[in-house]
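Participant: start_7.csv is the file, holding CSV, C-alpha atoms:
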```
chain,number,residue,atom,x,y,z
T,1,MET,CA,-4.8,17.7,-28.8
T,2,LYS,CA,-4.9,13.8,-28.9
T,3,GLN,CA,-4.2,13.7,-25.1
T,4,LEU,CA,-6.9,16.2,-24.4
T,5,LEU,CA,-9.4,14.3,-26.5
T,6,THR,CA,-8.5,11.1,-24.7
T,7,GLY,CA,-8.9,12.8,-21.4
T,8,LEU,CA,-12.3,14.2,-22.3
T,9,ILE,CA,-13.5,10.8,-23.5
T,10,LEU,CA,-12.3,9.1,-20.3
T,11,LEU,CA,-14.1,11.8,-18.3
T,12,ALA,CA,-17.3,11.2,-20.3
T,13,SER,CA,-17.1,7.4,-19.7
T,14,LEU,CA,-16.4,7.9,-15.9
T,15,GLN,CA,-19.4,10.2,-15.7
T,16,PHE,CA,-21.6,7.6,-17.3
T,17,VAL,CA,-20.3,4.9,-14.9
T,18,PHE,CA,-20.7,6.9,-11.7
T,19,ALA,CA,-23.4,9.3,-12.9
T,20,SER,CA,-25.7,10.9,-10.4
T,21,GLU,CA,-28.9,12.4,-11.6
T,22,GLY,CA,-27.3,15.8,-11.9
T,23,ILE,CA,-28.5,18.6,-9.7
T,24,HIS,CA,-31.1,17.7,-7.1
T,25,PHE,CA,-33.6,20.5,-6.8
T,26,PHE,CA,-35.4,21.2,-3.6
T,27,LYS,CA,-39.1,20.9,-4.0
T,28,GLY,CA,-40.3,23.2,-1.2
T,29,SER,CA,-40.9,26.9,-1.0
T,30,PHE,CA,-38.2,29.6,-1.0
T,31,LYS,CA,-38.7,30.1,2.7
T,32,GLU,CA,-38.2,26.4,3.3
T,33,ALA,CA,-35.1,26.5,1.2
T,34,GLN,CA,-33.7,29.3,3.4
T,35,ALA,CA,-34.4,27.3,6.5
T,36,LEU,CA,-32.6,24.3,5.0
T,37,ALA,CA,-29.7,26.4,3.9
T,38,ALA,CA,-29.3,27.7,7.5
T,39,LYS,CA,-29.6,24.2,8.9
T,40,GLU,CA,-27.0,22.8,6.5
T,41,HIS,CA,-24.7,25.9,6.5
T,42,LYS,CA,-25.0,26.2,2.7
T,43,LEU,CA,-25.7,28.9,0.1
T,44,ILE,CA,-28.9,28.7,-2.0
T,45,PHE,CA,-28.6,28.4,-5.8
T,46,MET,CA,-31.8,29.6,-7.5
T,47,ASP,CA,-32.5,28.9,-11.2
T,48,ALA,CA,-34.8,31.8,-12.1
T,49,TYR,CA,-36.4,30.6,-15.3
T,50,THR,CA,-39.6,30.7,-17.4
T,51,SER,CA,-41.4,27.9,-19.3
T,52,TRP,CA,-40.9,29.5,-22.7
T,53,CYS,CA,-37.2,30.3,-22.3
T,54,GLY,CA,-35.0,28.4,-24.8
T,55,PRO,CA,-31.7,28.9,-22.9
T,56,CYS,CA,-33.4,27.8,-19.7
T,57,LYS,CA,-34.5,24.5,-21.3
T,58,ARG,CA,-30.9,23.9,-22.6
T,59,MET,CA,-29.4,24.5,-19.2
T,60,ALA,CA,-31.9,22.1,-17.7
T,61,ARG,CA,-31.2,19.5,-20.3
T,62,ASP,CA,-27.5,19.8,-20.9
T,63,VAL,CA,-26.0,21.4,-17.8
T,64,PHE,CA,-28.0,20.8,-14.7
T,65,SER,CA,-28.1,17.1,-15.7
T,66,ALA,CA,-24.3,16.7,-15.9
T,67,ALA,CA,-22.7,14.4,-13.4
T,68,GLU,CA,-19.9,16.8,-12.4
T,69,VAL,CA,-22.3,19.7,-12.0
T,70,GLY,CA,-24.6,17.6,-9.8
T,71,LYS,CA,-21.7,16.4,-7.7
T,72,PHE,CA,-20.5,20.0,-7.0
T,73,PHE,CA,-23.8,21.7,-6.6
T,74,ASN,CA,-25.5,19.0,-4.5
T,75,LYS,CA,-22.5,19.1,-2.1
T,76,HIS,CA,-22.3,22.9,-1.7
T,77,PHE,CA,-25.7,24.4,-2.3
T,78,ILE,CA,-29.4,24.1,-1.6
T,79,ASN,CA,-30.7,24.1,-5.2
T,80,ILE,CA,-34.1,25.5,-6.2
T,81,LYS,CA,-35.9,26.2,-9.5
T,82,VAL,CA,-38.4,28.9,-9.6
T,83,ASP,CA,-40.7,29.8,-12.6
T,84,MET,CA,-40.7,33.6,-12.5
T,85,GLU,CA,-44.2,33.7,-13.9
T,86,LYS,CA,-45.9,31.2,-11.5
T,87,GLY,CA,-46.5,30.8,-7.7
T,88,GLU,CA,-44.0,32.9,-5.7
T,89,GLY,CA,-42.0,33.6,-8.9
T,90,PRO,CA,-43.3,37.1,-9.6
T,91,ARG,CA,-42.6,38.2,-6.0
T,92,LEU,CA,-39.1,36.8,-6.2
T,93,ALA,CA,-38.6,38.3,-9.7
T,94,GLY,CA,-39.4,41.7,-8.3
T,95,LYS,CA,-37.3,41.3,-5.2
T,96,TYR,CA,-34.2,40.3,-7.1
T,97,ARG,CA,-34.9,42.4,-10.2
T,98,VAL,CA,-35.0,39.5,-12.6
T,99,SER,CA,-35.6,40.7,-16.1
T,100,SER,CA,-33.9,38.2,-18.3
T,101,TYR,CA,-33.8,34.4,-18.3
T,102,PRO,CA,-32.2,32.4,-17.0
T,103,THR,CA,-30.9,34.4,-14.1
T,104,LEU,CA,-28.6,32.4,-11.9
T,105,LEU,CA,-28.7,33.6,-8.3
T,106,PHE,CA,-26.5,32.5,-5.4
T,107,LEU,CA,-28.0,33.6,-2.1
T,108,ASP,CA,-27.3,33.2,1.6
T,109,GLU,CA,-29.8,31.9,4.1
T,110,LYS,CA,-31.1,35.4,4.7
T,111,GLY,CA,-31.9,35.8,1.0
T,112,GLU,CA,-29.1,38.2,0.4
T,113,VAL,CA,-27.4,38.0,-3.1
T,114,VAL,CA,-23.8,36.6,-2.9
T,115,HIS,CA,-23.3,36.3,-6.6
T,116,ALA,CA,-25.5,36.4,-9.8
T,117,ALA,CA,-25.3,35.9,-13.5
T,118,LYS,CA,-27.6,36.2,-16.5
T,119,GLY,CA,-28.0,33.9,-19.4
T,120,GLY,CA,-27.2,30.2,-20.1
T,121,ARG,CA,-23.7,28.9,-20.2
T,122,PRO,CA,-21.9,25.5,-20.6
T,123,ALA,CA,-21.1,23.3,-17.7
T,124,ASP,CA,-17.6,24.4,-17.1
T,125,GLN,CA,-18.6,28.1,-16.9
T,126,PHE,CA,-21.5,27.2,-14.7
T,127,LEU,CA,-19.2,25.3,-12.3
T,128,GLY,CA,-17.0,28.4,-12.3
T,129,LEU,CA,-20.0,30.6,-11.2
T,130,GLY,CA,-20.5,28.2,-8.3
T,131,LYS,CA,-16.9,28.4,-7.2
T,132,VAL,CA,-16.9,32.2,-7.4
T,133,ALA,CA,-20.0,32.2,-5.2
T,134,LEU,CA,-18.3,30.0,-2.6
T,135,SER,CA,-15.2,32.2,-2.6
T,136,LYS,CA,-17.3,35.3,-2.1
T,137,ASN,CA,-19.1,33.7,0.9
T,138,ASP,CA,-15.8,32.4,2.3
T,139,LYS,CA,-15.6,33.3,6.0
T,140,SER,CA,-12.9,30.8,6.9
T,141,GLY,CA,-10.2,33.5,7.0
T,142,GLU,CA,-11.9,35.2,10.0
T,143,TYR,CA,-12.0,31.9,11.8
T,144,ALA,CA,-8.4,31.0,10.9
T,145,LYS,CA,-7.1,34.1,12.6
T,146,GLN,CA,-9.0,33.2,15.8
T,147,TYR,CA,-7.7,29.7,15.6
T,148,GLU,CA,-4.1,30.9,15.3
T,149,GLU,CA,-4.8,33.0,18.4
T,150,GLY,CA,-5.7,29.9,20.3
T,151,ASN,CA,-9.5,29.7,20.2
T,152,ARG,CA,-10.6,26.1,20.7
T,153,GLU,CA,-14.1,26.5,22.0
T,154,PRO,CA,-16.4,23.7,20.6
T,155,ALA,CA,-18.9,26.1,19.1
T,156,PHE,CA,-16.0,28.0,17.4
T,157,LEU,CA,-14.4,24.8,16.0
T,158,ARG,CA,-17.8,23.7,14.7
T,159,ALA,CA,-18.4,27.0,12.9
T,160,TYR,CA,-14.8,27.0,11.6
T,161,ALA,CA,-15.2,23.5,10.2
T,162,TYR,CA,-18.4,24.5,8.4
T,163,ALA,CA,-16.8,27.6,7.0
T,164,LEU,CA,-14.0,25.5,5.5
T,165,LEU,CA,-16.5,22.9,4.2
T,166,ASN,CA,-18.7,25.5,2.5
T,167,SER,CA,-15.7,27.2,0.9
T,168,ALA,CA,-14.5,23.9,-0.5
T,169,LYS,CA,-11.3,23.9,1.6
T,170,PRO,CA,-9.7,21.1,3.5
T,171,ASN,CA,-11.7,20.7,6.7
T,172,LEU,CA,-11.1,17.3,8.3
T,173,LYS,CA,-8.5,18.6,10.7
T,174,ILE,CA,-10.8,21.1,12.3
T,175,ALA,CA,-13.8,18.8,12.1
T,176,ASN,CA,-11.9,16.1,14.0
T,177,GLU,CA,-10.8,18.6,16.6
T,178,TYR,CA,-14.4,19.5,17.1
T,179,LEU,CA,-15.5,15.9,17.5
T,180,LYS,CA,-12.8,15.3,20.2
T,181,THR,CA,-14.5,18.0,22.3
T,182,GLN,CA,-17.8,16.0,22.2
T,183,LYS,CA,-18.6,13.4,24.8
T,184,GLU,CA,-21.9,12.5,23.1
T,185,LEU,CA,-22.2,12.0,19.3
T,186,THR,CA,-25.7,10.7,19.2
T,187,ASN,CA,-27.5,14.0,19.7
T,188,ASP,CA,-29.1,15.4,16.5
T,189,GLU,CA,-26.5,18.2,16.1
T,190,ASN,CA,-23.6,15.9,16.1
T,191,LEU,CA,-25.3,13.3,13.9
T,192,GLU,CA,-25.8,16.1,11.4
T,193,PHE,CA,-22.2,17.0,11.7
T,194,LEU,CA,-21.0,13.4,11.1
T,195,PHE,CA,-23.3,13.2,8.0
T,196,ASP,CA,-22.1,16.6,6.7
T,197,PHE,CA,-18.4,15.8,7.0
T,198,ALA,CA,-18.3,12.1,6.0
T,199,ASN,CA,-17.2,13.1,2.5
T,200,GLU,CA,-14.2,10.7,2.1
T,201,ALA,CA,-14.3,7.0,2.8
T,202,ASP,CA,-10.7,7.0,4.0
T,203,SER,CA,-11.5,9.2,7.0
T,204,LYS,CA,-12.2,8.7,10.7
T,205,ILE,CA,-15.4,10.7,10.4
T,206,PHE,CA,-16.7,8.3,7.7
T,207,GLU,CA,-16.1,5.4,10.1
T,208,LEU,CA,-18.0,7.2,12.8
T,209,ALA,CA,-20.9,7.8,10.4
T,210,ILE,CA,-21.1,4.1,9.6
T,211,LEU,CA,-20.9,3.3,13.3
T,212,HIS,CA,-23.9,5.6,13.9
T,213,LYS,CA,-25.8,4.6,10.7
T,214,THR,CA,-29.1,3.7,12.4
T,215,SER,CA,-29.3,7.1,14.2
T,216,ILE,CA,-28.3,9.1,11.1
T,217,VAL,CA,-30.8,7.2,8.9
T,218,ALA,CA,-33.5,8.0,11.5
T,219,LEU,CA,-32.6,11.7,11.4
T,220,LYS,CA,-32.1,11.9,7.6
T,221,SER,CA,-33.3,8.9,5.5
T,222,GLU,CA,-31.9,5.7,4.2
T,223,ALA,CA,-31.7,7.1,0.7
T,224,ASP,CA,-29.8,10.2,1.9
T,225,PHE,CA,-27.4,8.0,3.9
T,226,GLN,CA,-26.7,5.7,1.0
T,227,GLU,CA,-26.2,8.6,-1.5
T,228,LYS,CA,-23.7,10.1,1.0
T,229,ILE,CA,-21.8,6.8,1.4
T,230,LYS,CA,-21.5,6.3,-2.3
T,231,ALA,CA,-20.3,9.9,-2.9
T,232,ALA,CA,-17.7,9.5,-0.2
T,233,CYS,CA,-16.4,6.2,-1.6
T,234,ASP,CA,-16.3,7.8,-5.1
T,235,ALA,CA,-14.3,10.7,-3.6
T,236,THR,CA,-11.7,8.2,-2.3
T,237,ILE,CA,-11.5,6.5,-5.7
T,238,ASP,CA,-10.9,10.0,-7.2
T,239,LYS,CA,-8.1,10.4,-4.8
T,240,ALA,CA,-6.7,7.0,-5.7
T,241,ILE,CA,-6.7,8.1,-9.4
T,242,GLU,CA,-5.1,11.4,-8.7
T,243,PHE,CA,-2.2,9.9,-6.7
T,244,ASN,CA,-2.2,6.5,-8.4
T,245,VAL,CA,-2.7,4.6,-5.1
T,246,ALA,CA,-4.6,1.4,-5.7
T,247,SER,CA,-4.9,0.6,-2.0
T,248,LEU,CA,-7.4,3.5,-1.7
T,249,VAL,CA,-9.7,1.7,-4.2
T,250,ASN,CA,-9.6,-1.3,-1.9
T,251,GLU,CA,-10.4,0.9,1.1
T,252,ALA,CA,-13.4,2.4,-0.7
T,253,LYS,CA,-14.6,-1.1,-1.5
T,254,THR,CA,-14.2,-2.3,2.1
T,255,LYS,CA,-16.1,0.8,3.4
T,256,MET,CA,-18.9,0.2,0.9
T,257,LYS,CA,-19.2,-3.4,2.1
T,258,ALA,CA,-19.5,-2.2,5.7
T,259,ALA,CA,-22.1,0.5,4.9
T,260,ASN,CA,-24.1,-1.2,2.2
T,261,PRO,CA,-23.4,-5.0,1.8
T,262,LYS,CA,-26.1,-5.5,-0.8
T,263,PHE,CA,-24.5,-3.0,-3.2
T,264,ALA,CA,-20.9,-3.9,-2.3
T,265,LYS,CA,-20.2,-6.4,-5.1
T,266,GLU,CA,-21.6,-4.2,-7.9
T,267,TYR,CA,-19.8,-1.2,-6.5
T,268,SER,CA,-16.5,-3.2,-6.4
T,269,MET,CA,-16.8,-3.8,-10.2
T,270,LEU,CA,-17.7,-0.1,-10.8
T,271,ALA,CA,-14.8,1.0,-8.7
T,272,ASP,CA,-12.4,-1.2,-10.8
T,273,ILE,CA,-13.8,0.3,-14.0
T,274,LYS,CA,-13.4,3.9,-12.7
T,275,TYR,CA,-9.9,3.4,-11.5
T,276,ALA,CA,-8.7,1.6,-14.7
T,277,ALA,CA,-10.2,4.4,-16.9
T,278,GLY,CA,-8.8,7.1,-14.6
T,279,THR,CA,-5.3,5.7,-14.7
T,280,LYS,CA,-5.7,5.0,-18.5
T,281,ASP,CA,-5.1,1.3,-18.2
T,282,MET,CA,-7.2,0.4,-21.2
T,283,GLU,CA,-6.9,-3.4,-21.0
T,284,ALA,CA,-7.9,-3.4,-17.3
T,285,TYR,CA,-10.7,-1.0,-18.2
T,286,ALA,CA,-12.1,-3.3,-20.9
T,287,ASN,CA,-11.8,-6.4,-18.8
T,288,SER,CA,-13.5,-4.8,-15.8
T,289,THR,CA,-16.2,-3.4,-18.0
T,290,ASP,CA,-16.8,-6.9,-19.5
T,291,LYS,CA,-17.1,-8.5,-16.1
T,292,PHE,CA,-19.6,-5.8,-15.0
T,293,LEU,CA,-21.8,-6.0,-18.1
T,294,LYS,CA,-21.9,-9.8,-17.9
T,295,LYS,CA,-23.0,-9.7,-14.2
T,296,TYR,CA,-25.2,-6.6,-14.0
T,297,ALA,CA,-26.2,-5.4,-17.5
T,298,LYS,CA,-26.4,-8.3,-19.9
T,299,ARG,CA,-30.1,-7.3,-20.6
T,300,ASP,CA,-29.6,-3.5,-20.4
T,301,ALA,CA,-29.3,-2.3,-24.0
T,302,LYS,CA,-28.6,1.3,-23.1
T,303,THR,CA,-25.7,0.5,-20.8
T,304,LEU,CA,-24.2,-2.1,-23.3
T,305,HIS,CA,-24.4,0.5,-26.1
T,306,GLN,CA,-22.9,3.3,-24.0
T,307,TYR,CA,-19.8,1.2,-23.2
T,308,ALA,CA,-19.6,-0.1,-26.8
T,309,HIS,CA,-19.7,3.4,-28.2
T,310,THR,CA,-17.1,4.6,-25.6
T,311,PHE,CA,-14.6,2.0,-26.9
T,312,LEU,CA,-15.5,2.8,-30.5
T,313,ILE,CA,-14.3,6.3,-30.2
T,314,LYS,CA,-11.4,5.8,-27.8
T,315,THR,CA,-9.3,2.9,-29.1
T,316,ASN,CA,-8.0,1.2,-32.2
T,317,GLU,CA,-6.8,-1.9,-30.5
T,318,THR,CA,-8.4,-5.0,-32.1
T,319,LYS,CA,-8.7,-7.0,-28.9
T,320,LEU,CA,-10.6,-4.1,-27.2
T,321,LEU,CA,-12.8,-3.4,-30.2
T,322,GLU,CA,-13.8,-7.1,-30.4
T,323,LYS,CA,-15.1,-6.8,-26.8
T,324,ALA,CA,-17.0,-3.7,-27.7
T,325,GLU,CA,-18.5,-5.3,-30.8
T,326,LYS,CA,-19.9,-8.1,-28.7
T,327,TRP,CA,-21.5,-5.5,-26.4
T,328,ALA,CA,-23.0,-3.6,-29.3
T,329,LYS,CA,-24.4,-6.8,-30.8
T,330,GLN,CA,-26.0,-7.6,-27.5
T,331,ALA,CA,-27.5,-4.2,-27.3
T,332,THR,CA,-29.1,-4.5,-30.8
T,333,ASN,CA,-30.4,-8.0,-30.0
T,334,ILE,CA,-32.2,-6.5,-27.0
T,335,ASP,CA,-33.3,-3.3,-28.7
T,336,PHE,CA,-33.3,-3.1,-32.5
T,337,ASN,CA,-32.5,0.7,-32.3
T,338,PRO,CA,-31.0,2.5,-35.3
T,339,LYS,CA,-28.5,4.3,-33.0
T,340,TYR,CA,-27.3,1.0,-31.5
T,341,LEU,CA,-27.1,-0.5,-35.0
T,342,ARG,CA,-24.9,2.3,-36.3
T,343,THR,CA,-22.5,1.9,-33.4
T,344,HIS,CA,-22.4,-1.8,-34.2
T,345,SER,CA,-21.7,-1.1,-37.8
T,346,ASP,CA,-18.9,1.4,-37.0
T,347,LEU,CA,-17.3,-1.2,-34.8
T,348,LEU,CA,-17.5,-3.9,-37.5
T,349,ARG,CA,-16.0,-1.5,-40.0
T,350,LYS,CA,-13.2,-0.6,-37.6
T,351,LEU,CA,-12.4,-4.3,-37.3
T,352,GLY,CA,-12.2,-4.6,-41.0
T,353,ARG,CA,-15.5,-6.6,-41.3
T,354,VAL,CA,-16.8,-4.3,-44.1
T,355,GLU,CA,-19.5,-6.5,-45.6
T,356,GLU,CA,-21.1,-7.2,-42.1
T,357,ALA,CA,-20.8,-3.5,-41.3
T,358,GLU,CA,-22.6,-2.5,-44.5
T,359,GLU,CA,-25.4,-5.0,-43.8
T,360,VAL,CA,-26.0,-3.7,-40.3
T,361,MET,CA,-25.9,-0.1,-41.5
T,362,LYS,CA,-28.6,-0.9,-44.1
T,363,LYS,CA,-30.8,-2.2,-41.3
T,364,ALA,CA,-30.2,1.0,-39.3
T,365,ASN,CA,-31.1,3.2,-42.3
T,366,GLU,CA,-34.2,1.2,-43.1
T,367,LEU,CA,-35.4,1.6,-39.5
T,368,SER,CA,-34.9,5.3,-39.6
T,369,GLY,CA,-36.1,5.8,-43.2
T,370,GLU,CA,-32.8,7.1,-44.5
T,371,LYS,CA,-30.8,6.2,-47.5
T,372,SER,CA,-27.5,4.3,-46.9
T,373,SER,CA,-24.7,6.5,-45.7
T,374,PHE,CA,-22.1,3.7,-45.5
T,375,ILE,CA,-19.0,4.4,-47.5
T,376,LYS,CA,-16.5,1.5,-48.1
T,377,SER,CA,-13.0,2.3,-47.2
```
Let's see the structure in the file written out as structure tokens.

Facilitator:
Amino acid sequence: MKQLLTGLILLASLQFVFASEGIHFFKGSFKEAQALAAKEHKLIFMDAYTSWCGPCKRMARDVFSAAEVGKFFNKHFINIKVDMEKGEGPRLAGKYRVSSYPTLLFLDEKGEVVHAAKGGRPADQFLGLGKVALSKNDKSGEYAKQYEEGNREPAFLRAYAYALLNSAKPNLKIANEYLKTQKELTNDENLEFLFDFANEADSKIFELAILHKTSIVALKSEADFQEKIKAACDATIDKAIEFNVASLVNEAKTKMKAANPKFAKEYSMLADIKYAAGTKDMEAYANSTDKFLKKYAKRDAKTLHQYAHTFLIKTNETKLLEKAEKWAKQATNIDFNPKYLRTHSDLLRKLGRVEEAEEVMKKANELSGEKSSFIKS
């Protein structure tokens, strides 16, 4: 149980460090989402909700906003939210027989239902729904048979690569085979392909994507390209953690420097934090965090508090708690927030500085209009 708790805490801290904004929902119409799904060879995830639905609001607040959920769904789906009582909602509600909320629909580009579920659920179960939808739409087996029979036509290799990508299966071998058949990589179709398959920084396709950055940015956008680059570098750091290979962290840093020099130094520090936390090197984690906060977040109360609170709940080592106490104190100096004060008080108490802890807790309670809840140990 202790190991599980430590793992969950580490995951939470990693999600904070490398958090995305959760699921990115497409803002256009359903028809436009279908066109985009066809173009990007993806399924559509539709959140069929209403404005008054409590479980819908909880899903939006607690599940769709989660970093791991966003990472998976942004990669594999065109995501769209539709209020079933407004705009094109009533028509879609009738078409898909939506009668309870939320209804979670997974559709192909033709609008056919691949998988569906009703009701809210926690992040892990929601991720499971997405994986089931991908497995039901998995056409890679049909392509694998043709590949084994010797089909190496470029159009076939391209389609096979996308089938593997969209079923979350290893795809770089087939993607690279396709690229070897292409004499020209700067047409829109191949630039899209480079963008779609540049998912790991330690890959040849990633290097090609950087080489053709200007053309890809013109086709997509600067923001899309930079988001893709960061996701690919993050994926390589995940691999470094999984196999405990520090050289992969350095490769991710090098690739980020080539792709986005302005962000490279900050990303290097974040990469060190993520790798140290992932490999459970607590001292390196604390030192890397301290360097990052001094450089990039010394006036950011929210970030200072987040890291302080993480160390409060995950360690009893005095040296590490002393670092966290300094971060917590910085946070309260910037923003005299009861939540931040309580974290500071708890850290002081854990360090045995009971009188200081009680004084800080009194301030927190005065701000929030509560009676003191501090108990001396």

Participant: Determine, counting all atoms listed in the file, which protein, DNA and RNA residues have an atom within 10 Å of an atom of Gly111 (chain T); residues of the same chain fewer than 5 positions away are not included. Present the result as a list in words.

Facilitator: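 With the cut-off at 10 Å, the set is Phe30, Lys31, Ala33, Gln34, Leu43, Ile44, Lys95, Tyr96 and Phe106 of chain T.
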
Participant: Give as number ranges by chain every residue, naming chains and numbers as the document does, that has an atom within 12 Å of (-18.7, -10.4, -25.2), counting only C-alpha atoms.

Facilitator: T: 286-287, 289-295, 297-298, 304, 307-308, 319-331

Participant: What's the 12 Å shell around Lys220 (chain T), counting only C-alpha atoms, without same-chain residues fewer than 5 positions away, as a VMD selection string?

Facilitator: chain T and resid 188 to 189 191 to 196 213 to 215 225 to 228

Participant: Under the rule that only C-alpha atoms are counted, which of T:Ala123, T:Ala277, T:Ala67, T:Ala198 is the nearest residue to Glu242 (chain T)?

Facilitator: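 For Glu242 (chain T), the nearest of the given residues is T:Ala277.
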
Participant: I need the residue nearest Gln306 (chain T) from this list: T:Thr343, T:Ser167, T:Asn365, T:Ser65. Use only C-alpha atoms for the distance.

Facilitator: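 Counting only C-alpha atoms, the residue closest to Gln306 (chain T) is T:Thr343.
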
Participant: Quick check, in Å to one decimal: how far apart do CA of Asp300 (chain T) and CA of Thr332 (chain T) lie?

Facilitator: 10.5 Å

Participant: Determine, counting all atoms listed in the file, which protein, DNA and RNA residues have an atom within 8 Å of an atom of Pro55 (chain T); residues of the same chain fewer than 3 positions away are not included. Present the result as a list of chain:residue names.

Facilitator: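 The residues that qualify are T:Arg58, T:Met59, T:Tyr101, T:Pro102, T:Gly119, T:Gly120.
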
Participant: Mind dumping the selected residues with C-alpha atoms as a compact mmCIF listing (two decimals), in the frame of the given file?

Facilitator:
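New file result-v1.txt:
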```
# COMPACT_ATOMS: atom_id res chain seq x y z
CA ARG T 58 -30.90 23.90 -22.60
CA MET T 59 -29.40 24.50 -19.20
CA TYR T 101 -33.80 34.40 -18.30
CA PRO T 102 -32.20 32.40 -17.00
CA GLY T 119 -28.00 33.90 -19.40
CA GLY T 120 -27.20 30.20 -20.10
```

Participant: In Å, with one decimal, what is the gap from CA of Ser247 (chain T) to CA of Asp202 (chain T)?

Facilitator: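 CA of Asp202 (chain T) lies at a distance of 10.5 Å from CA of Ser247 (chain T).
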
Participant: With only C-alpha atoms as the atoms that count, which of T:Lys75, T:His344, T:Lys131, T:Lys230 lies nearest to Asn260 (chain T)?

Facilitator: T:Lys230

Participant: For the point (-9.9, 30.6, 9.6) in file coordinates, what residues are within 10 Å, counting only C-alpha atoms? Give the answer as a list in words?

Facilitator: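 So the residues meeting the distance criterion are Asp138, Lys139, Ser140, Gly141, Glu142, Tyr143, Ala144, Lys145, Gln146, Tyr147, Glu148, Leu157, Ala159, Tyr160, Ala161, Ala163, Leu164 and Ile174 of chain T.
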
Participant: Using all atoms listed in the file, pick whichever of T:Glu317, T:Asp108, T:Glu40, T:Glu359 has the shortest atom-to-atom distance to Phe197 (chain T).

Facilitator: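 Comparing T:Glu317, T:Asp108, T:Glu40, T:Glu359 against Phe197 (chain T), the winner is T:Glu40.
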
Participant: Taking only C-alpha atoms into account, name the residue in T:Gly22, T:Gly28, T:Pro154, T:Gly278 that is nearest to Leu179 (chain T).

Facilitator: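 Under the stated criterion, the closest residue is T:Pro154.
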
Participant: Quick one: pull the distance between CA of Leu36 (chain T) and CA of Glu222 (chain T), Å, one decimal.

Facilitator: 18.6 Å

Participant: Ranking T:Ala231, T:Cys53, T:Leu129, T:Ile78 by minimum distance to Ala201 (chain T) and counting all atoms listed in the file, which one comes first?

Facilitator: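 Looking at the shortest contact to Ala201 (chain T), the residue is T:Ala231.
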
Participant: Please reconstruct the missing atoms of region 292-296 of chain T (target: all heavy atoms) and return them as a tab-separated table (two decimals), keeping the file's coordinate frame.

Facilitator:
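New file rebuild.tsv:
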```tsv
chain	number	residue	atom	x	y	z
T	292	PHE	N	-18.41	-6.50	-15.49
T	292	PHE	CA	-19.60	-5.80	-15.00
T	292	PHE	C	-20.81	-6.01	-15.85
T	292	PHE	O	-21.90	-6.28	-15.36
T	292	PHE	CB	-19.27	-4.29	-14.86
T	292	PHE	CG	-20.47	-3.46	-14.53
T	292	PHE	CD1	-20.98	-3.42	-13.25
T	292	PHE	CD2	-21.13	-2.74	-15.52
T	292	PHE	CE1	-22.11	-2.67	-12.93
T	292	PHE	CE2	-22.25	-1.97	-15.22
T	292	PHE	CZ	-22.74	-1.94	-13.93
T	293	LEU	N	-20.62	-5.89	-17.16
T	293	LEU	CA	-21.80	-6.00	-18.10
T	293	LEU	C	-22.32	-7.46	-18.02
T	293	LEU	O	-23.54	-7.64	-18.06
T	293	LEU	CB	-21.32	-5.70	-19.49
T	293	LEU	CG	-20.95	-4.23	-19.75
T	293	LEU	CD1	-20.43	-4.03	-21.17
T	293	LEU	CD2	-22.13	-3.31	-19.49
T	294	LYS	N	-21.46	-8.46	-17.94
T	294	LYS	CA	-21.90	-9.80	-17.90
T	294	LYS	C	-22.74	-10.09	-16.59
T	294	LYS	O	-23.71	-10.83	-16.59
T	294	LYS	CB	-20.75	-10.79	-17.93
T	294	LYS	CG	-20.14	-10.93	-19.32
T	294	LYS	CD	-18.92	-11.84	-19.30
T	294	LYS	CE	-18.32	-11.98	-20.70
T	294	LYS	NZ	-17.08	-12.80	-20.69
T	295	LYS	N	-22.33	-9.44	-15.52
T	295	LYS	CA	-23.00	-9.70	-14.20
T	295	LYS	C	-24.21	-8.83	-14.01
T	295	LYS	O	-25.23	-9.32	-13.50
T	295	LYS	CB	-21.96	-9.38	-13.11
T	295	LYS	CG	-22.48	-9.56	-11.69
T	295	LYS	CD	-22.73	-11.00	-11.35
T	295	LYS	CE	-23.12	-11.16	-9.88
T	295	LYS	NZ	-23.44	-12.55	-9.53
T	296	TYR	N	-24.16	-7.55	-14.42
T	296	TYR	CA	-25.20	-6.60	-14.00
T	296	TYR	C	-25.98	-5.95	-15.18
T	296	TYR	O	-26.97	-5.28	-14.93
T	296	TYR	CB	-24.64	-5.53	-13.12
T	296	TYR	CG	-24.16	-6.05	-11.80
T	296	TYR	CD1	-22.82	-6.21	-11.53
T	296	TYR	CD2	-25.08	-6.42	-10.81
T	296	TYR	CE1	-22.37	-6.71	-10.31
T	296	TYR	CE2	-24.65	-6.92	-9.59
T	296	TYR	CZ	-23.29	-7.06	-9.35
T	296	TYR	OH	-22.87	-7.56	-8.14
```
